[in-house]
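Everything on this sheet refers to the single structure shown next.
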Amino acid sequence: MAKDEKNKLTRSRKNIMIRLFSYLAKHKTLLITAFVLMILSNVLALAGPALAGFAVDCITKETGVDFDGVWKYCILMISVYVLSAVLSYLLTVVMSTVSKKVTYAMRKDVFEHLSRLPVSYYDKNQTGDIISRISYDIDTINTSLSNDVLQIGASLITVVGSFVMMCTINVNLLVIFVITVPITIIFTRYKTKKVQPLFKKRSKSLGELNGYAEEMMSGLRTIKVYGNEKNVTKKFDIFNKEAVDAYYEADYHACAVGPSVNFINNLSLALVSLFGSVLYLFSRITLGDISSFILYSRKFSGPINESANIISELQSAFAAADRMFNLLDEEPEKEDIPDAIELMSPKGDVSIENLDFSYDKKKDIIKDFSIDIKAGQTVAIVGHTGAGKTTIINLLMRFYDPDKGSIRIDGVDIRDLTRKSLRQSFTMVLQDTWLFSGSVFENIAYGKEGATLDDVKRVAKDAKIDLFIENLPDGYDTVLSDDGQGISKGQKQLITIARAMLIDSHLLILDEATSNVDSRTEMQISDAMQNLMKGKTSFIIAHRLSTIMNADVIIVMGKGKILEVGKHDELLKNKGHYYEIYNSQFK
């Protein structure tokens with residue numbers, strides 16, 4: 001690994017630890033309580049081996065067995081171990097509480113940050129990978145906070161305490177640890193450096209696997225229709241194998257640490273027993289001291305072995321924290337300019353001038369696009385797939401900003417407006433319907449605070465969906481499952497149309513709003529749609545030309561440019577691009 005890469009990794013670890021500690025620091029009282037409990041619990045546990053040695057020394061050749069002394073030290077030993085166990089339990093409860101609070105704060109921060117990220121982030125990242133960061137990665141951090149951090153703290157106290165107690169018993173035997181401890185530290189550091197990138201790769205592979213699985217599950221019907229299950233399964237096998245291999249490789253190298261360190265510690269224990277016996281033969285140490293020293297040596301080497309075992313968990317937690325903080329470091333949607341204007345009661349004049357835009361700065365999606373739209377006009381945008389129709393909508397809503405040119409509403413550049421007031425001036429009905437887990441009433445009333453049941457019933461009737469709702473088991477109180485499972489696409493779209501009818505905005509966007517509705521239903525709700533568009537500047541994106549024949553302006557797009565502009569009859573007479581599209585649908 002290059003020197004720069006090592007420095008970068010070190011800085012990354014330090015940064016991660018500092019940022020994790022910032023979450024812990026918010027709960028100082030609990031942490032201080034945990035620290036006190038940790039010290040008391042481990043100090044009491046350290047008294048056990050000394051008491052055991054005193055009990056052994058109550059047995060001598062000269063006086064035999066001093067049963068009163070043995071019982072006294074045994075009772076004391078049981079007492080300190082019981083008290084230590086109680087304090088250890090309380091410590092676990094306190095740290096679990098801290099972990100719960102920190103996990104809640106992390107998930108809250110991540111979800112709030114996700115709500116502030118631009119649409120471009122979701123266009124570039126898989127939903128499954130994002131969900132993996134909110135769930136798996138934060139759970140991994142939680143496990144480390146509640147278990148590993150506690151274990152490391154307890155181990156540190158035990159190692160220091162055991163070392164001090166061994167010094168008081170016999171300094172000569174400590175020479176053994178001068179050899180074995182450095183070997184353990186060198187080996188552990190070597191493995192740590194090797195394992196860290198592997199756990200990062202493991203988290204990434206799992207995120208990619210989740211992303212692919214979520215994408216395929218959402219399109220399962222289409223996969224079955226085309227009989228493409230085998231190909232999908234083969235590709236899943238590739239992602240699955242990569243994830244499994246990444247897990248195996250990380251665990252393989254991590255698991256080698258524990259047994260190796262355990263072997264070194266057992267070797268040190270054997271050497272202590274051997275040299276302790278020699279010292280006993282020369283009356284340099286008592287049997288009780290040997291017993292106590294061996295027990296302390298186990299306590300001394302045990303935490304070193306345990307710390308080696310939890311290195312794999314810590315590396316996994318670091319990798320998970322790195323992914324979480326990378327998400328939190330993503331640039332949120334740009335702030336409004338300092339003197340941004342609130343768009344209040346717009347008339348609806350829209351002017352687009354010399355607009356250029358590309359998503360990746362390599363291929364132009366919109367090129368030199370200009371159009372003036374008067375308030376109250378209905379504007380239809382048609383064209384083949386990839387012509388840039390939806391991109392125009394993304395720019396109108398400021399999901400993206402243009403590379404060049406401007407969009408003005410009532411003469412004001414939309415970049416000079418607050419995003420919130422701009423977006424609240426629009427009502428959108430999209431091809432991709434979105435319903436949440438909640439009642440039918442809640443789903444329709446979603447966009448209008450304080451909407452009454454009468455308001456909801458009125459728009460449901462206008463959208464020709466009132467009879468369907470009333471026939472549901474609980475009518476408007478019927479709870480829809482996630483994304484409206486159990487009702488048809490057409491019914492879901494009618495609910496979203498009713499939702500749009502309830503919102504009193506001045507500008508309207510219909511992006512294939514009736515694509516999931518059959519022609520007969522479309523004709524039935526045409527009057528309601530006309531009422532929805534009445535008095536509003538409306539933008540309609542439609543492949544089905546029957547929905548836009550009465551539009552005031554029809555814009556025909558191709559390769560990001562305006563090919564034709566006019567009304568339905570005018571464009572048919574010109575026999576240009578619109579004429580070709582019309583004939584392809586009706587002849």
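So you can find residues: chains in the structure tokens are A, B, ... in the order shown, residues in each start at 1, and ligands are numbered from 1 in order.
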Contact residues around Lys374 of chain A with only C-alpha atoms at 12 Å, ignoring same-chain residues under 3 positions, as a short mmCIF file (atom, residue, chain, number, x, y, z; two decimals) with N, CA, C and O atoms, in the first residue's frame:
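part.cif was written with the following content:
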```
data_model
loop_
_atom_site.label_atom_id
_atom_site.label_comp_id
_atom_site.auth_asym_id
_atom_site.auth_seq_id
_atom_site.Cartn_x
_atom_site.Cartn_y
_atom_site.Cartn_z
N PRO A 346 -48.78 33.14 -8.27
CA PRO A 346 -48.30 33.47 -9.62
C PRO A 346 -49.44 33.49 -10.64
O PRO A 346 -50.42 32.75 -10.51
N LYS A 347 -49.29 34.33 -11.63
CA LYS A 347 -50.26 34.35 -12.73
C LYS A 347 -50.10 33.11 -13.59
O LYS A 347 -51.08 32.53 -14.06
N GLY A 348 -48.83 32.72 -13.84
CA GLY A 348 -48.58 31.50 -14.60
C GLY A 348 -47.92 31.72 -15.94
O GLY A 348 -47.84 30.79 -16.75
N ASP A 349 -47.40 32.96 -16.20
CA ASP A 349 -46.62 33.17 -17.43
C ASP A 349 -45.28 32.45 -17.28
O ASP A 349 -44.57 32.64 -16.29
N VAL A 350 -44.94 31.62 -18.26
CA VAL A 350 -43.68 30.87 -18.22
C VAL A 350 -42.89 31.16 -19.49
O VAL A 350 -43.41 31.04 -20.61
N SER A 351 -41.64 31.55 -19.30
CA SER A 351 -40.78 31.86 -20.43
C SER A 351 -39.49 31.06 -20.32
O SER A 351 -38.81 31.11 -19.29
N ILE A 352 -39.18 30.31 -21.36
CA ILE A 352 -37.94 29.52 -21.41
C ILE A 352 -37.08 30.09 -22.52
O ILE A 352 -37.51 30.17 -23.68
N ILE A 371 -39.29 29.02 -25.52
CA ILE A 371 -40.74 29.05 -25.72
C ILE A 371 -41.35 30.04 -24.73
O ILE A 371 -40.87 30.18 -23.59
N GLN A 377 -52.60 28.86 -20.23
CA GLN A 377 -52.50 28.01 -21.43
C GLN A 377 -52.21 26.56 -21.05
O GLN A 377 -51.55 26.28 -20.05
N THR A 378 -52.71 25.67 -21.89
CA THR A 378 -52.40 24.25 -21.75
C THR A 378 -51.36 23.90 -22.80
O THR A 378 -51.60 24.05 -24.00
N VAL A 379 -50.20 23.47 -22.34
CA VAL A 379 -49.07 23.17 -23.23
C VAL A 379 -48.80 21.68 -23.20
O VAL A 379 -48.58 21.10 -22.13
N ARG A 408 -38.25 31.47 -16.64
CA ARG A 408 -38.85 32.55 -15.86
C ARG A 408 -40.35 32.29 -15.66
O ARG A 408 -41.02 31.83 -16.57
N ILE A 409 -40.80 32.58 -14.44
CA ILE A 409 -42.23 32.54 -14.13
C ILE A 409 -42.65 33.95 -13.74
O ILE A 409 -42.06 34.55 -12.82
N ASP A 410 -43.60 34.47 -14.47
CA ASP A 410 -44.05 35.87 -14.28
C ASP A 410 -42.87 36.83 -14.36
O ASP A 410 -42.77 37.81 -13.62
N GLY A 411 -41.92 36.51 -15.27
CA GLY A 411 -40.78 37.39 -15.50
C GLY A 411 -39.63 37.24 -14.53
O GLY A 411 -38.61 37.91 -14.65
N LEU A 507 -50.01 26.23 -11.23
CA LEU A 507 -49.36 25.57 -12.35
C LEU A 507 -49.52 24.06 -12.19
O LEU A 507 -49.49 23.54 -11.07
N GLY A 535 -57.96 27.52 -15.70
CA GLY A 535 -57.34 28.68 -15.08
C GLY A 535 -55.90 28.47 -14.68
O GLY A 535 -55.28 29.34 -14.05
N LYS A 536 -55.33 27.31 -15.03
CA LYS A 536 -53.95 27.00 -14.65
C LYS A 536 -53.08 26.88 -15.89
O LYS A 536 -53.55 26.46 -16.95
N THR A 537 -51.83 27.25 -15.74
CA THR A 537 -50.85 26.97 -16.79
C THR A 537 -50.48 25.50 -16.65
O THR A 537 -49.92 25.09 -15.63
N SER A 538 -50.83 24.73 -17.67
CA SER A 538 -50.70 23.28 -17.56
C SER A 538 -49.69 22.74 -18.58
O SER A 538 -49.72 23.12 -19.75
N PHE A 539 -48.82 21.86 -18.08
CA PHE A 539 -47.86 21.17 -18.94
C PHE A 539 -48.23 19.69 -18.98
O PHE A 539 -48.31 19.04 -17.92
N ASP A 552 -53.70 24.24 -26.01
CA ASP A 552 -53.49 25.54 -26.67
C ASP A 552 -52.21 25.55 -27.49
O ASP A 552 -52.14 26.18 -28.55
N VAL A 553 -51.21 24.87 -26.97
CA VAL A 553 -49.92 24.81 -27.66
C VAL A 553 -49.40 23.37 -27.58
O VAL A 553 -49.40 22.77 -26.50
#
```
Practice task
Quick one: pick out all alpha helix (DSSP H) residues within segment 445-532 of chain A from a backbone DSSP run and write them as a PyMOL selection string.
Solution key: chain A and resi 453-462+466-470+489-502+519-524+526-532
Filtering to N, CA and C atoms, could you give me those residues as a tab-separated table (two decimals), in the first residue's frame?
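Below you can see again-v3.tsv, which holds the result:
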```tsv
chain	number	residue	atom	x	y	z
A	453	LEU	N	-63.29	15.37	5.00
A	453	LEU	CA	-63.81	14.19	4.30
A	453	LEU	C	-64.68	14.62	3.12
A	454	ASP	N	-65.44	15.70	3.28
A	454	ASP	CA	-66.27	16.20	2.18
A	454	ASP	C	-65.41	16.64	1.00
A	455	ASP	N	-64.28	17.28	1.30
A	455	ASP	CA	-63.36	17.70	0.23
A	455	ASP	C	-62.84	16.49	-0.54
A	456	VAL	N	-62.46	15.48	0.22
A	456	VAL	CA	-61.91	14.26	-0.41
A	456	VAL	C	-62.98	13.55	-1.23
A	457	LYS	N	-64.20	13.47	-0.69
A	457	LYS	CA	-65.29	12.80	-1.43
A	457	LYS	C	-65.60	13.55	-2.73
A	458	ARG	N	-65.52	14.88	-2.69
A	458	ARG	CA	-65.82	15.68	-3.88
A	458	ARG	C	-64.83	15.38	-5.01
A	459	VAL	N	-63.55	15.38	-4.70
A	459	VAL	CA	-62.56	15.14	-5.76
A	459	VAL	C	-62.56	13.68	-6.19
A	460	ALA	N	-62.88	12.77	-5.26
A	460	ALA	CA	-62.99	11.36	-5.65
A	460	ALA	C	-64.13	11.16	-6.64
A	461	LYS	N	-65.21	11.89	-6.44
A	461	LYS	CA	-66.34	11.81	-7.37
A	461	LYS	C	-65.95	12.39	-8.72
A	462	ASP	N	-65.23	13.51	-8.72
A	462	ASP	CA	-64.78	14.12	-9.98
A	462	ASP	C	-63.82	13.21	-10.73
A	466	ASP	N	-65.17	7.40	-6.77
A	466	ASP	CA	-65.93	7.38	-5.52
A	466	ASP	C	-66.63	6.05	-5.28
A	467	LEU	N	-67.20	5.46	-6.33
A	467	LEU	CA	-67.90	4.18	-6.17
A	467	LEU	C	-66.94	3.07	-5.77
A	468	PHE	N	-65.77	3.07	-6.39
A	468	PHE	CA	-64.75	2.06	-6.05
A	468	PHE	C	-64.37	2.17	-4.58
A	469	ILE	N	-64.16	3.41	-4.09
A	469	ILE	CA	-63.74	3.61	-2.70
A	469	ILE	C	-64.85	3.20	-1.74
A	470	GLU	N	-66.09	3.56	-2.06
A	470	GLU	CA	-67.20	3.24	-1.17
A	470	GLU	C	-67.45	1.74	-1.07
A	489	LYS	N	-53.34	-0.69	-11.10
A	489	LYS	CA	-52.55	0.51	-11.43
A	489	LYS	C	-53.45	1.67	-11.79
A	490	GLY	N	-54.52	1.35	-12.53
A	490	GLY	CA	-55.46	2.40	-12.92
A	490	GLY	C	-56.12	3.04	-11.71
A	491	GLN	N	-56.51	2.20	-10.73
A	491	GLN	CA	-57.13	2.74	-9.51
A	491	GLN	C	-56.15	3.57	-8.70
A	492	LYS	N	-54.89	3.12	-8.65
A	492	LYS	CA	-53.86	3.91	-7.96
A	492	LYS	C	-53.68	5.27	-8.63
A	493	GLN	N	-53.70	5.26	-9.97
A	493	GLN	CA	-53.50	6.52	-10.67
A	493	GLN	C	-54.68	7.47	-10.49
A	494	LEU	N	-55.87	6.91	-10.43
A	494	LEU	CA	-57.05	7.75	-10.19
A	494	LEU	C	-57.00	8.38	-8.79
A	495	ILE	N	-56.47	7.65	-7.82
A	495	ILE	CA	-56.31	8.22	-6.47
A	495	ILE	C	-55.32	9.39	-6.51
A	496	THR	N	-54.23	9.24	-7.27
A	496	THR	CA	-53.25	10.34	-7.36
A	496	THR	C	-53.83	11.53	-8.12
A	497	ILE	N	-54.71	11.26	-9.10
A	497	ILE	CA	-55.37	12.36	-9.82
A	497	ILE	C	-56.32	13.10	-8.87
A	498	ALA	N	-57.08	12.33	-8.05
A	498	ALA	CA	-57.96	12.96	-7.07
A	498	ALA	C	-57.15	13.79	-6.08
A	499	ARG	N	-55.98	13.30	-5.70
A	499	ARG	CA	-55.08	14.05	-4.80
A	499	ARG	C	-54.70	15.38	-5.44
A	500	ALA	N	-54.38	15.36	-6.74
A	500	ALA	CA	-54.00	16.59	-7.44
A	500	ALA	C	-55.16	17.57	-7.53
A	501	MET	N	-56.38	17.03	-7.70
A	501	MET	CA	-57.56	17.90	-7.81
A	501	MET	C	-57.83	18.66	-6.52
A	502	LEU	N	-57.33	18.12	-5.41
A	502	LEU	CA	-57.59	18.73	-4.11
A	502	LEU	C	-56.66	19.93	-3.85
A	519	SER	N	-59.07	3.67	-21.95
A	519	SER	CA	-59.62	4.75	-22.78
A	519	SER	C	-61.01	5.17	-22.31
A	520	ARG	N	-61.84	4.21	-21.90
A	520	ARG	CA	-63.19	4.54	-21.47
A	520	ARG	C	-63.16	5.39	-20.19
A	521	THR	N	-62.32	4.96	-19.21
A	521	THR	CA	-62.21	5.73	-17.97
A	521	THR	C	-61.62	7.10	-18.25
A	522	GLU	N	-60.68	7.14	-19.19
A	522	GLU	CA	-60.07	8.42	-19.55
A	522	GLU	C	-61.13	9.39	-20.08
A	523	MET	N	-62.03	8.88	-20.88
A	523	MET	CA	-63.11	9.72	-21.41
A	523	MET	C	-64.05	10.17	-20.28
A	524	GLN	N	-64.27	9.26	-19.31
A	524	GLN	CA	-65.17	9.58	-18.21
A	524	GLN	C	-64.63	10.71	-17.34
A	526	SER	N	-62.45	13.01	-18.34
A	526	SER	CA	-61.92	14.13	-19.15
A	526	SER	C	-62.47	15.47	-18.66
A	527	ASP	N	-63.77	15.50	-18.29
A	527	ASP	CA	-64.35	16.76	-17.78
A	527	ASP	C	-63.67	17.18	-16.49
A	528	ALA	N	-63.41	16.18	-15.62
A	528	ALA	CA	-62.75	16.48	-14.35
A	528	ALA	C	-61.33	16.99	-14.59
A	529	MET	N	-60.67	16.40	-15.59
A	529	MET	CA	-59.31	16.84	-15.92
A	529	MET	C	-59.34	18.27	-16.45
A	530	GLN	N	-60.36	18.57	-17.26
A	530	GLN	CA	-60.49	19.93	-17.77
A	530	GLN	C	-60.73	20.91	-16.64
A	531	ASN	N	-61.55	20.51	-15.65
A	531	ASN	CA	-61.77	21.37	-14.48
A	531	ASN	C	-60.47	21.55	-13.68
A	532	LEU	N	-59.68	20.47	-13.62
A	532	LEU	CA	-58.40	20.54	-12.92
A	532	LEU	C	-57.46	21.54	-13.58
```
Practice task
Would you list the contacts of His577 of chain A as an NGL selection string, taking every protein, DNA or RNA residue within 8 Å and counting only C-alpha atoms, but skipping same-chain residues closer than 6 positions in sequence?
Solution key: :A and (556 or 563-564)
Could the residues in this selection be saved with N, CA and C atoms as a compact mmCIF listing (two decimals), in the first residue's frame?
```txt
# COMPACT_ATOMS: atom_id res chain seq x y z
N VAL A 556 -43.55 19.82 -30.26
CA VAL A 556 -43.00 18.54 -30.71
C VAL A 556 -41.49 18.61 -30.54
N LEU A 563 -39.00 20.87 -32.57
CA LEU A 563 -39.14 20.58 -34.00
C LEU A 563 -40.34 21.30 -34.60
N GLU A 564 -41.43 21.35 -33.81
CA GLU A 564 -42.64 22.03 -34.28
C GLU A 564 -43.39 22.61 -33.10
```
